[in-house]
$ cat protein-v2.cif   # mmCIF, C-alpha atoms
data_coords
loop_
_atom_site.label_atom_id
_atom_site.label_comp_id
_atom_site.auth_asym_id
_atom_site.auth_seq_id
_atom_site.Cartn_x
_atom_site.Cartn_y
_atom_site.Cartn_z
CA MET A 1 -39.88 -44.02 -66.29
CA GLU A 2 -41.98 -42.81 -63.36
CA LEU A 3 -39.75 -44.76 -61.00
CA VAL A 4 -36.63 -43.22 -62.53
CA GLU A 5 -38.15 -39.75 -62.31
CA GLN A 6 -39.16 -40.34 -58.70
CA ILE A 7 -35.64 -41.47 -57.83
CA TRP A 8 -34.15 -38.44 -59.61
CA THR A 9 -36.47 -35.86 -58.00
CA GLY A 10 -35.83 -37.40 -54.60
CA SER A 11 -32.05 -37.27 -54.99
CA GLY A 12 -29.82 -34.68 -53.43
CA LEU A 13 -28.44 -33.71 -56.84
CA TYR A 14 -31.91 -32.59 -57.96
CA GLN A 15 -32.70 -30.71 -54.75
CA ILE A 16 -29.35 -29.04 -54.08
CA GLY A 17 -29.09 -25.26 -54.36
CA ALA A 18 -26.20 -22.94 -55.14
CA GLY A 19 -25.82 -21.96 -51.48
CA GLN A 20 -25.56 -25.56 -50.40
CA LEU A 21 -22.88 -26.21 -53.03
CA VAL A 22 -20.87 -23.27 -51.69
CA MET A 23 -21.20 -24.52 -48.11
CA LEU A 24 -20.15 -28.02 -49.12
CA GLY A 25 -17.00 -26.40 -50.52
CA VAL A 26 -16.47 -24.45 -47.29
CA CYS A 27 -16.85 -27.62 -45.22
CA LEU A 28 -14.42 -29.51 -47.46
CA LEU A 29 -11.97 -26.62 -46.95
CA LEU A 30 -12.33 -26.97 -43.18
CA LEU A 31 -11.63 -30.69 -43.50
CA TYR A 32 -8.57 -29.92 -45.66
CA LEU A 33 -7.23 -27.46 -43.08
CA GLY A 34 -7.78 -29.95 -40.28
CA ILE A 35 -6.48 -33.09 -42.00
CA VAL A 36 -3.77 -31.86 -44.38
CA ARG A 37 -2.61 -28.66 -42.69
CA ARG A 38 -3.34 -29.95 -39.17
CA PHE A 39 -4.99 -26.68 -38.08
CA GLU A 40 -6.98 -27.53 -34.91
CA PRO A 41 -7.92 -30.97 -36.34
CA LEU A 42 -9.93 -32.04 -33.29
CA LEU A 43 -12.49 -29.35 -34.00
CA LEU A 44 -12.15 -28.51 -37.69
CA VAL A 45 -12.58 -32.15 -38.73
CA THR A 46 -15.74 -32.61 -36.65
CA ILE A 47 -17.18 -29.17 -37.52
CA GLY A 48 -16.43 -29.68 -41.22
CA PHE A 49 -18.05 -33.11 -41.31
CA GLY A 50 -21.09 -31.86 -39.39
CA GLY A 51 -21.37 -29.07 -41.95
CA LEU A 52 -21.33 -31.59 -44.81
CA LEU A 53 -24.22 -33.48 -43.25
CA SER A 54 -26.23 -30.29 -42.67
CA ASN A 55 -25.92 -29.15 -46.30
CA ILE A 56 -26.84 -32.35 -48.13
CA PRO A 57 -30.51 -32.00 -49.22
CA GLY A 58 -32.86 -34.55 -47.73
CA VAL A 59 -30.57 -35.45 -44.82
CA GLU A 60 -32.54 -34.94 -41.61
CA ILE A 61 -29.72 -35.62 -39.15
CA ALA A 62 -29.14 -31.90 -38.56
CA THR A 63 -32.82 -30.95 -38.19
CA GLY A 64 -35.88 -32.02 -36.23
CA ASP A 65 -35.16 -35.17 -34.23
CA GLY A 66 -31.84 -35.81 -35.99
CA LEU A 67 -28.81 -36.70 -33.88
CA LEU A 68 -26.86 -33.51 -34.61
CA HIS A 69 -29.83 -31.26 -33.91
CA LEU A 70 -30.52 -33.06 -30.64
CA SER A 71 -26.82 -32.76 -29.76
CA TYR A 72 -27.06 -29.03 -30.38
CA ILE A 73 -30.13 -28.66 -28.17
CA VAL A 74 -28.78 -30.82 -25.34
CA GLY A 75 -25.14 -29.74 -25.46
CA ILE A 76 -24.95 -26.18 -26.79
CA GLU A 77 -28.30 -24.53 -26.09
CA THR A 78 -27.90 -25.59 -22.47
CA GLY A 79 -24.19 -24.70 -22.45
CA ALA A 80 -23.27 -28.18 -21.25
CA PHE A 81 -20.64 -29.09 -23.88
CA PRO A 82 -18.47 -25.95 -23.51
CA LEU A 83 -18.63 -26.28 -19.71
CA ILE A 84 -17.55 -29.92 -19.79
CA ILE A 85 -14.71 -29.03 -22.14
CA PHE A 86 -13.64 -26.27 -19.74
CA MET A 87 -13.52 -28.89 -16.99
CA GLY A 88 -11.23 -30.94 -19.22
CA VAL A 89 -9.08 -27.89 -19.97
CA GLY A 90 -8.73 -27.32 -16.23
CA ALA A 91 -7.64 -30.91 -15.71
CA LEU A 92 -5.03 -30.49 -18.46
CA THR A 93 -3.76 -27.09 -17.29
CA ASP A 94 -0.73 -26.49 -15.10
CA PHE A 95 -1.12 -23.18 -13.27
CA GLY A 96 2.43 -23.51 -11.89
CA PRO A 97 4.03 -20.97 -14.29
CA LEU A 98 1.36 -18.40 -13.38
CA LEU A 99 1.80 -18.99 -9.65
CA ALA A 100 5.59 -18.84 -9.98
CA ASN A 101 5.37 -15.46 -11.73
CA PRO A 102 2.04 -13.77 -10.79
CA ARG A 103 2.93 -10.67 -12.81
CA THR A 104 2.04 -12.58 -15.94
CA LEU A 105 -1.61 -12.35 -14.84
CA PHE A 106 -1.51 -8.76 -16.14
CA LEU A 107 -0.44 -10.03 -19.55
CA GLY A 108 -3.40 -12.39 -19.74
CA ALA A 109 -5.71 -9.58 -18.66
CA ALA A 110 -4.30 -7.12 -21.20
CA ALA A 111 -4.82 -9.59 -24.05
CA GLN A 112 -8.56 -9.51 -23.36
CA PHE A 113 -8.68 -5.86 -24.46
CA GLY A 114 -9.35 -7.08 -28.00
CA ILE A 115 -12.69 -8.50 -26.83
CA PHE A 116 -14.02 -5.19 -25.59
CA ALA A 117 -12.49 -3.14 -28.41
CA THR A 118 -14.26 -5.34 -30.94
CA LEU A 119 -17.55 -5.09 -29.04
CA LEU A 120 -17.34 -1.30 -29.31
CA GLY A 121 -16.26 -1.57 -32.96
CA ALA A 122 -19.23 -3.78 -33.86
CA LEU A 123 -21.63 -1.38 -32.15
CA GLY A 124 -19.94 1.58 -33.87
CA LEU A 125 -20.28 -0.02 -37.32
CA THR A 126 -23.94 -0.70 -36.55
CA GLN A 127 -24.48 2.96 -35.67
CA LEU A 128 -22.83 3.97 -38.96
CA GLY A 129 -25.10 1.61 -40.88
CA VAL A 130 -22.24 -0.58 -42.14
CA MET A 131 -23.35 -3.60 -40.09
CA ASP A 132 -26.51 -4.58 -38.27
CA PHE A 133 -25.58 -6.19 -34.94
CA SER A 134 -27.50 -5.99 -31.68
CA LEU A 135 -25.67 -5.59 -28.34
CA ARG A 136 -25.99 -9.32 -27.67
CA GLU A 137 -24.60 -10.20 -31.11
CA ALA A 138 -21.74 -7.69 -30.79
CA ALA A 139 -20.81 -9.16 -27.39
CA ALA A 140 -20.79 -12.69 -28.82
CA ILE A 141 -18.59 -11.58 -31.75
CA GLY A 142 -16.15 -9.74 -29.49
CA ILE A 143 -15.39 -12.87 -27.45
CA ILE A 144 -13.62 -14.31 -30.53
CA GLY A 145 -10.70 -12.06 -29.55
CA GLY A 146 -9.99 -14.29 -26.58
CA ALA A 147 -9.01 -17.12 -28.99
CA ASP A 148 -10.92 -19.54 -26.78
CA GLY A 149 -13.25 -21.77 -28.79
CA PRO A 150 -15.36 -23.23 -25.94
CA THR A 151 -15.87 -19.78 -24.42
CA ALA A 152 -16.87 -18.31 -27.79
CA ILE A 153 -19.37 -21.14 -28.32
CA TYR A 154 -20.75 -20.77 -24.79
CA VAL A 155 -21.28 -17.01 -25.12
CA ALA A 156 -22.73 -17.32 -28.63
CA GLY A 157 -25.12 -20.01 -27.46
CA GLN A 158 -26.26 -17.76 -24.63
CA LEU A 159 -26.44 -14.43 -26.48
CA ALA A 160 -26.59 -15.01 -30.25
CA PRO A 161 -27.40 -18.61 -31.24
CA ASN A 162 -28.22 -17.43 -34.77
CA LEU A 163 -24.54 -16.52 -35.24
CA LEU A 164 -23.12 -19.64 -33.59
CA GLY A 165 -21.78 -21.32 -36.74
CA ALA A 166 -19.90 -18.27 -38.01
CA ILE A 167 -18.54 -17.39 -34.55
CA ALA A 168 -17.36 -20.95 -33.90
CA VAL A 169 -15.65 -21.25 -37.28
CA ALA A 170 -13.99 -17.83 -36.83
CA ALA A 171 -12.81 -18.62 -33.30
CA TYR A 172 -11.29 -21.99 -34.16
CA SER A 173 -9.87 -20.77 -37.47
CA TYR A 174 -7.97 -17.96 -35.78
CA MET A 175 -6.83 -20.32 -33.03
CA ALA A 176 -5.48 -22.60 -35.74
CA LEU A 177 -3.79 -19.71 -37.53
CA VAL A 178 -1.94 -18.43 -34.43
CA PRO A 179 1.48 -19.39 -35.92
CA LEU A 180 0.71 -17.23 -38.98
CA ILE A 181 -1.11 -14.28 -37.40
CA GLN A 182 0.88 -13.57 -34.26
CA PRO A 183 4.58 -13.42 -35.31
CA PRO A 184 4.27 -10.35 -37.60
CA ILE A 185 2.43 -8.44 -34.85
CA MET A 186 5.00 -9.50 -32.24
CA LYS A 187 7.93 -8.45 -34.40
CA LEU A 188 6.31 -5.16 -35.37
CA LEU A 189 5.84 -4.12 -31.73
CA THR A 190 9.20 -5.26 -30.32
CA THR A 191 12.82 -4.47 -30.99
CA GLU A 192 15.52 -7.06 -31.67
CA SER A 193 17.04 -6.43 -28.24
CA GLU A 194 13.66 -6.94 -26.53
CA ARG A 195 13.14 -10.25 -28.31
CA LYS A 196 16.56 -11.40 -27.09
CA ILE A 197 15.75 -10.82 -23.40
CA GLU A 198 16.36 -13.96 -21.32
CA MET A 199 14.18 -14.53 -18.28
CA VAL A 200 15.27 -16.07 -14.97
CA GLN A 201 14.26 -19.61 -14.08
CA LEU A 202 10.86 -19.99 -12.44
CA ARG A 203 10.63 -20.93 -8.76
CA GLU A 204 9.20 -24.26 -7.63
CA VAL A 205 5.49 -24.06 -6.77
CA SER A 206 4.33 -26.10 -3.77
CA THR A 207 1.49 -28.63 -3.83
CA ALA A 208 -0.43 -26.56 -1.28
CA GLU A 209 -0.32 -23.52 -3.57
CA ARG A 210 -1.55 -25.58 -6.49
CA ILE A 211 -4.52 -26.91 -4.49
CA ILE A 212 -5.49 -23.60 -2.88
CA PHE A 213 -5.29 -21.58 -6.11
CA PRO A 214 -8.34 -22.98 -7.97
CA LEU A 215 -10.46 -22.74 -4.81
CA LEU A 216 -9.38 -19.17 -4.11
CA LEU A 217 -9.79 -18.16 -7.76
CA LEU A 218 -13.32 -19.51 -7.93
CA LEU A 219 -14.45 -17.87 -4.68
CA LEU A 220 -12.93 -14.49 -5.47
CA VAL A 221 -14.18 -14.22 -9.04
CA ALA A 222 -17.55 -15.94 -8.64
CA LEU A 223 -18.53 -13.84 -5.62
CA LEU A 224 -17.73 -10.68 -7.55
CA LEU A 225 -19.03 -11.83 -10.94
CA PRO A 226 -21.53 -14.71 -10.60
CA SER A 227 -22.14 -14.87 -14.36
CA ALA A 228 -18.52 -16.06 -14.79
CA ALA A 229 -18.98 -18.86 -12.26
CA PRO A 230 -20.13 -21.62 -14.68
CA LEU A 231 -17.09 -21.43 -16.97
CA LEU A 232 -14.58 -20.59 -14.27
CA GLY A 233 -16.10 -23.10 -11.85
CA MET A 234 -15.68 -26.01 -14.25
CA LEU A 235 -12.13 -24.87 -15.07
CA CYS A 236 -11.25 -24.73 -11.37
CA PHE A 237 -12.93 -28.07 -10.63
CA GLY A 238 -10.97 -29.79 -13.37
CA ASN A 239 -7.74 -28.25 -12.11
CA LEU A 240 -8.49 -29.22 -8.49
CA MET A 241 -8.96 -32.85 -9.57
CA ARG A 242 -5.58 -32.66 -11.28
CA GLU A 243 -3.70 -31.14 -8.35
CA CYS A 244 -5.30 -32.67 -5.23
CA GLY A 245 -3.81 -36.10 -5.95
CA VAL A 246 -6.67 -38.19 -4.54
CA VAL A 247 -8.93 -38.58 -7.61
CA GLU A 248 -6.49 -39.64 -10.31
CA ARG A 249 -9.11 -41.82 -12.02
CA LEU A 250 -11.53 -38.91 -12.32
CA SER A 251 -8.77 -36.58 -13.48
CA ASN A 252 -7.56 -39.05 -16.12
CA THR A 253 -11.11 -39.61 -17.38
CA THR A 254 -11.69 -35.87 -17.63
CA GLN A 255 -8.41 -35.28 -19.44
CA ASN A 256 -8.95 -38.05 -21.97
CA ALA A 257 -12.19 -39.99 -22.55
CA LEU A 258 -14.69 -37.36 -21.38
CA ILE A 259 -13.21 -34.35 -23.17
CA ASN A 260 -12.73 -36.41 -26.35
CA ILE A 261 -16.34 -37.65 -26.42
CA VAL A 262 -17.73 -34.17 -25.81
CA THR A 263 -15.40 -32.65 -28.41
CA ILE A 264 -16.83 -35.02 -31.05
CA PHE A 265 -20.43 -34.06 -30.38
CA LEU A 266 -19.62 -30.38 -29.87
CA GLY A 267 -17.93 -30.18 -33.28
CA LEU A 268 -20.72 -32.05 -35.05
CA ALA A 269 -23.39 -29.91 -33.35
CA VAL A 270 -21.62 -26.68 -34.34
CA GLY A 271 -21.22 -28.02 -37.88
CA SER A 272 -24.97 -28.58 -38.03
CA LYS A 273 -25.37 -24.78 -37.90
CA LEU A 274 -23.26 -24.23 -41.03
CA SER A 275 -26.30 -24.38 -43.28
CA ALA A 276 -26.31 -22.08 -46.29
CA GLU A 277 -29.25 -19.97 -45.10
CA GLN A 278 -27.51 -19.26 -41.77
CA PHE A 279 -23.90 -18.91 -42.95
CA LEU A 280 -24.07 -17.26 -46.39
CA VAL A 281 -25.26 -13.87 -45.16
CA PRO A 282 -23.45 -10.49 -45.05
CA SER A 283 -23.10 -10.67 -41.28
CA THR A 284 -20.80 -13.72 -41.61
CA LEU A 285 -18.15 -11.68 -43.44
CA GLY A 286 -18.46 -9.00 -40.77
CA ILE A 287 -17.96 -11.62 -38.05
CA LEU A 288 -14.84 -13.02 -39.76
CA VAL A 289 -13.34 -9.53 -40.17
CA LEU A 290 -14.22 -8.37 -36.65
CA GLY A 291 -12.91 -11.65 -35.22
CA MET A 292 -9.56 -11.11 -36.92
CA VAL A 293 -9.42 -7.55 -35.59
CA ALA A 294 -10.26 -8.78 -32.08
CA PHE A 295 -7.52 -11.40 -32.19
CA ALA A 296 -4.93 -8.92 -33.54
CA ILE A 297 -5.78 -6.31 -30.90
CA GLY A 298 -5.60 -8.95 -28.16
CA THR A 299 -2.14 -10.05 -29.32
CA ALA A 300 -0.90 -6.46 -29.59
CA SER A 301 -2.29 -5.50 -26.18
CA GLY A 302 -0.48 -8.41 -24.52
CA VAL A 303 2.83 -7.48 -26.15
CA ILE A 304 2.47 -3.81 -25.19
CA MET A 305 1.71 -4.78 -21.58
CA GLY A 306 4.81 -7.00 -21.67
CA LYS A 307 6.92 -4.02 -22.77
CA LEU A 308 5.48 -1.94 -19.93
CA LEU A 309 6.11 -4.60 -17.30
CA ASN A 310 9.67 -5.00 -18.55
CA LYS A 311 10.25 -1.28 -18.01
CA ILE A 312 8.97 -1.20 -14.43
CA SER A 313 10.04 -4.67 -13.26
CA THR A 314 13.26 -5.40 -11.39
CA GLN A 315 13.57 -8.74 -13.20
CA PRO A 316 13.62 -8.75 -17.03
CA ILE A 317 10.44 -9.74 -18.87
CA ASN A 318 10.53 -10.59 -22.55
CA PRO A 319 7.56 -8.75 -24.14
CA LEU A 320 7.02 -11.67 -26.53
CA ILE A 321 5.34 -13.70 -23.78
CA GLY A 322 2.57 -11.07 -23.70
CA ALA A 323 1.29 -12.43 -27.02
CA ALA A 324 0.57 -15.71 -25.21
CA GLY A 325 -2.06 -13.86 -23.16
CA VAL A 326 -4.69 -15.01 -25.62
CA SER A 327 -6.29 -18.30 -24.65
CA ALA A 328 -4.94 -20.52 -27.43
CA VAL A 329 -3.27 -23.02 -25.07
CA PRO A 330 -0.51 -24.06 -25.60
CA MET A 331 -0.08 -22.91 -29.22
CA ALA A 332 0.35 -19.20 -28.39
CA ALA A 333 3.05 -20.06 -25.83
CA ARG A 334 4.87 -22.18 -28.41
CA VAL A 335 4.76 -19.32 -30.91
CA ALA A 336 6.21 -16.89 -28.35
CA ASN A 337 8.96 -19.41 -27.62
CA LYS A 338 9.74 -19.86 -31.32
CA VAL A 339 9.97 -16.13 -32.04
CA GLY A 340 12.24 -15.75 -29.00
CA LEU A 341 14.48 -18.59 -30.19
CA ASP A 342 14.72 -17.01 -33.64
CA ALA A 343 16.17 -13.88 -32.00
CA ASN A 344 18.32 -15.69 -29.43
CA PRO A 345 19.03 -19.45 -29.74
CA HIS A 346 19.58 -19.65 -25.95
CA ASN A 347 16.27 -17.99 -25.11
CA ILE A 348 13.80 -20.62 -23.81
CA LEU A 349 10.51 -18.82 -23.14
CA LEU A 350 8.01 -21.70 -23.24
CA MET A 351 7.37 -22.10 -19.52
CA HIS A 352 7.43 -18.34 -18.98
CA ALA A 353 4.87 -17.91 -21.77
CA MET A 354 2.59 -20.55 -20.21
CA GLY A 355 1.95 -18.12 -17.34
CA PRO A 356 0.13 -15.51 -19.46
CA ASN A 357 -1.32 -18.31 -21.59
CA VAL A 358 -3.25 -19.89 -18.71
CA ALA A 359 -3.99 -16.40 -17.37
CA GLY A 360 -5.65 -15.76 -20.71
CA VAL A 361 -7.95 -18.74 -20.16
CA ILE A 362 -9.02 -17.20 -16.84
CA GLY A 363 -9.33 -13.77 -18.46
CA SER A 364 -11.54 -15.01 -21.29
CA ALA A 365 -13.87 -16.73 -18.80
CA VAL A 366 -14.13 -13.50 -16.79
CA ALA A 367 -14.71 -11.48 -19.97
CA ALA A 368 -17.44 -13.94 -20.97
CA GLY A 369 -19.11 -13.44 -17.60
CA ILE A 370 -19.01 -9.68 -18.04
CA MET A 371 -20.49 -9.93 -21.55
CA ILE A 372 -23.31 -12.18 -20.41
CA MET A 373 -24.09 -10.02 -17.38
CA PHE A 374 -24.33 -6.74 -19.30
CA ALA A 375 -25.77 -8.00 -22.60
CA SER A 376 -28.44 -10.37 -21.25
#

$ encode --input "protein-v2.cif" --output "structure tokens"
Amino acid sequence: MELVEQIWTGSGLYQIGAGQLVMLGVCLLLLYLGIVRRFEPLLLVTIGFGGLLSNIPGVEIATGDGLLHLSYIVGIETGAFPLIIFMGVGALTDFGPLLANPRTLFLGAAAQFGIFATLLGALGLTQLGVMDFSLREAAAIGIIGGADGPTAIYVAGQLAPNLLGAIAVAAYSYMALVPLIQPPIMKLLTTESERKIEMVQLREVSTAERIIFPLLLLLLVALLLPSAAPLLGMLCFGNLMRECGVVERLSNTTQNALINIVTIFLGLAVGSKLSAEQFLVPSTLGILVLGMVAFAIGTASGVIMGKLLNKISTQPINPLIGAAGVSAVPMAARVANKVGLDANPHNILLMHAMGPNVAGVIGSAVAAGIMIMFAS
């Protein structure tokens, strides 16, 4: 009997609490969204499984010297994992549409307005006593509006590691829900005739332009805003490897094996922070709500800037591509293309939308640098 009692008291069923049961349900939901609904499966599957491991009583893999805890310390506390992923994103990104139509840079910049609006909103709610966020925490929450998971994780790791799990889940959830969140906002802010606007074919971008751009971008931004240099530098390095044509092996490794390996450990490490005591707190609901507001404002700001550019530009610009100014690459561009096709079956906006989409990646990195510089 003593042996049976010892086995029972040492089991997870005996030790588990109500909060852990709730979090196990949340993690299973993340796995469902990733596997069945295919919402950002590369991250939601790994984050969800890491969360399962961190909420099973007696499992030490997410604490102390456990693999997931060590992955968090080595990869996220240092900022290494998000930076390596940004290098992979750079190697996967074609800046050609942005270079062919530089005006779309304004659309990517406008979409970052949601980041700063949410920062002010979080601080305002704190002043009113509704929430309790410090400046560093508010800055980390605001970056969700850029719809850029690695950037959100990087900023949260630097400014508010205690909120990392909630911020990461919010950022990747809203990225995954782009096809559901963005179309109603896009349709609300545009007319039928605006959605039917066809854009002229993009010009061919030379190899020299493609090689010079990442170098020029890094030097200009980093010299003005050094705190943005880590994220932007890795993005530019990855893109230079892609475009220079002399390091194909390195570029291919970065685009495939390296980014995949880091994505696995990044997701598991983030999932290790989905413990009940860290996640099931009032601030988590505030983060989810503020993140949604940030993303909605970013989408709306991009569309409104698109309408403005269409008014003052000699060549027509479909305002729908402004919604792609958030950093969800390439999903936001595909959504803009789909909404445009619904209004006009001959309206192919995908490549035009990729311009503001990649501009949004640059914009979110710059916004992250600004947040870190002023909130640190």

$ closest_residue --input "protein-v2.cif" --among "A:Gln15, A:Ser173, A:Thr151, A:Asn310" --to "Leu29 in chain A" --atoms "all atoms listed in the file"
A:Ser173

$ closest_atom_pairs --input "protein-v2.cif" --of "range 245-264 of chain A" --to "range 44-56 of chain A" --cutoff "12 Å" --atoms "all atoms listed in the file" --output "JSON lines"
{"residue": "A:Asn260", "atom": "CA", "partner": "A:Thr46", "partner_atom": "CA", "distance": 11.4}
{"residue": "A:Ile261", "atom": "CA", "partner": "A:Thr46", "partner_atom": "CA", "distance": 11.4}
{"residue": "A:Val262", "atom": "CA", "partner": "A:Thr46", "partner_atom": "CA", "distance": 11.1}
{"residue": "A:Thr263", "atom": "CA", "partner": "A:Thr46", "partner_atom": "CA", "distance": 8.2}
{"residue": "A:Ile264", "atom": "CA", "partner": "A:Thr46", "partner_atom": "CA", "distance": 6.2}

$ resolve_selection --input "protein-v2.cif" --expression "the PyMOL selection byres ((chain A and resi 332-341) around 10)" --output "ChimeraX atom specification"
/A:147,175-176,178-180,182-184,186-187,192,194-198,299,318-331,342-358

$ atom_distance --input "protein-v2.cif" --atom1 "CA of Val289 in chain A" --atom2 "CA of Met373 in chain A"
25.2 Å

$ residues_around --input "protein-v2.cif" --residues "Leu232 in chain A" --least-positions-apart "2" --cutoff "10 Å" --atoms "only C-alpha atoms" --output "VMD selection string"
chain A and resid 83 86 to 87 90 214 217 to 219 221 to 222 226 to 230 234 to 238 361 to 366 368 to 369

$ residues_around --input "protein-v2.cif" --residues "Leu274 in chain A" --least-positions-apart "6" --cutoff "12 Å" --atoms "all atoms listed in the file" --output "VMD selection string"
chain A and resid 19 to 20 22 to 27 30 47 to 56 62 68 to 69 162 to 169 267 to 268 280 to 281 284

$ closest_residue --input "protein-v2.cif" --among "A:Gly34, A:Gly66, A:Gly129, A:Gly146" --to "Ala110 in chain A" --atoms "all atoms listed in the file"
A:Gly146

$ closest_residue --input "protein-v2.cif" --among "A:Ile317, A:Ile76, A:Ala160, A:Ala117" --to "Ser134 in chain A" --atoms "all atoms listed in the file"
A:Ala160

$ residues_around --input "protein-v2.cif" --residues "Ser313 in chain A" --least-positions-apart "6" --cutoff "12 Å" --atoms "only C-alpha atoms" --output "MDAnalysis selection string"
chainID A and resid 101 103:104 199 305:307 319

$ closest_residue --input "protein-v2.cif" --among "A:Phe95, A:Tyr154, A:Tyr172, A:Phe374" --to "Glu204 in chain A" --atoms "only C-alpha atoms"
A:Phe95

$ build_atoms --input "protein-v2.cif" --residues "range 157-175 of chain A" --atoms "N, CA and C atoms" --output "mmCIF file, in the coordinates of the input"
data_model
loop_
_atom_site.group_PDB
_atom_site.id
_atom_site.type_symbol
_atom_site.label_atom_id
_atom_site.label_comp_id
_atom_site.auth_asym_id
_atom_site.auth_seq_id
_atom_site.Cartn_x
_atom_site.Cartn_y
_atom_site.Cartn_z
ATOM 1 N N GLY A 157 -23.915 -19.246 -27.757
ATOM 2 C CA GLY A 157 -25.120 -20.010 -27.460
ATOM 3 C C GLY A 157 -26.048 -19.290 -26.501
ATOM 4 N N GLN A 158 -25.459 -18.495 -25.595
ATOM 5 C CA GLN A 158 -26.260 -17.760 -24.630
ATOM 6 C C GLN A 158 -26.840 -16.467 -25.214
ATOM 7 N N LEU A 159 -26.052 -15.771 -26.041
ATOM 8 C CA LEU A 159 -26.440 -14.430 -26.480
ATOM 9 C C LEU A 159 -26.888 -14.346 -27.932
ATOM 10 N N ALA A 160 -26.284 -15.142 -28.819
ATOM 11 C CA ALA A 160 -26.590 -15.010 -30.250
ATOM 12 C C ALA A 160 -26.524 -16.364 -30.946
ATOM 13 N N PRO A 161 -27.444 -17.274 -30.622
ATOM 14 C CA PRO A 161 -27.400 -18.610 -31.240
ATOM 15 C C PRO A 161 -27.508 -18.590 -32.754
ATOM 16 N N ASN A 162 -28.104 -17.529 -33.313
ATOM 17 C CA ASN A 162 -28.220 -17.430 -34.770
ATOM 18 C C ASN A 162 -26.865 -17.218 -35.441
ATOM 19 N N LEU A 163 -25.872 -16.765 -34.682
ATOM 20 C CA LEU A 163 -24.540 -16.520 -35.240
ATOM 21 C C LEU A 163 -23.533 -17.595 -34.813
ATOM 22 N N LEU A 164 -24.019 -18.654 -34.185
ATOM 23 C CA LEU A 164 -23.120 -19.640 -33.590
ATOM 24 C C LEU A 164 -22.149 -20.242 -34.592
ATOM 25 N N GLY A 165 -22.644 -20.667 -35.766
ATOM 26 C CA GLY A 165 -21.780 -21.320 -36.740
ATOM 27 C C GLY A 165 -20.636 -20.433 -37.175
ATOM 28 N N ALA A 166 -20.940 -19.191 -37.536
ATOM 29 C CA ALA A 166 -19.900 -18.270 -38.010
ATOM 30 C C ALA A 166 -18.914 -17.942 -36.890
ATOM 31 N N ILE A 167 -19.414 -17.730 -35.675
ATOM 32 C CA ILE A 167 -18.540 -17.390 -34.550
ATOM 33 C C ILE A 167 -17.627 -18.568 -34.212
ATOM 34 N N ALA A 168 -18.172 -19.779 -34.211
ATOM 35 C CA ALA A 168 -17.360 -20.950 -33.900
ATOM 36 C C ALA A 168 -16.272 -21.165 -34.938
ATOM 37 N N VAL A 169 -16.638 -21.067 -36.209
ATOM 38 C CA VAL A 169 -15.650 -21.250 -37.280
ATOM 39 C C VAL A 169 -14.568 -20.171 -37.194
ATOM 40 N N ALA A 170 -14.969 -18.922 -36.949
ATOM 41 C CA ALA A 170 -13.990 -17.830 -36.830
ATOM 42 C C ALA A 170 -13.061 -18.070 -35.655
ATOM 43 N N ALA A 171 -13.622 -18.423 -34.495
ATOM 44 C CA ALA A 171 -12.810 -18.620 -33.300
ATOM 45 C C ALA A 171 -11.780 -19.725 -33.487
ATOM 46 N N TYR A 172 -12.223 -20.874 -34.002
ATOM 47 C CA TYR A 172 -11.290 -21.990 -34.160
ATOM 48 C C TYR A 172 -10.342 -21.785 -35.333
ATOM 49 N N SER A 173 -10.777 -21.064 -36.353
ATOM 50 C CA SER A 173 -9.870 -20.770 -37.470
ATOM 51 C C SER A 173 -8.726 -19.892 -37.013
ATOM 52 N N TYR A 174 -9.032 -18.863 -36.236
ATOM 53 C CA TYR A 174 -7.970 -17.960 -35.780
ATOM 54 C C TYR A 174 -7.087 -18.633 -34.744
ATOM 55 N N MET A 175 -7.666 -19.525 -33.918
ATOM 56 C CA MET A 175 -6.830 -20.320 -33.030
ATOM 57 C C MET A 175 -5.842 -21.156 -33.831
#
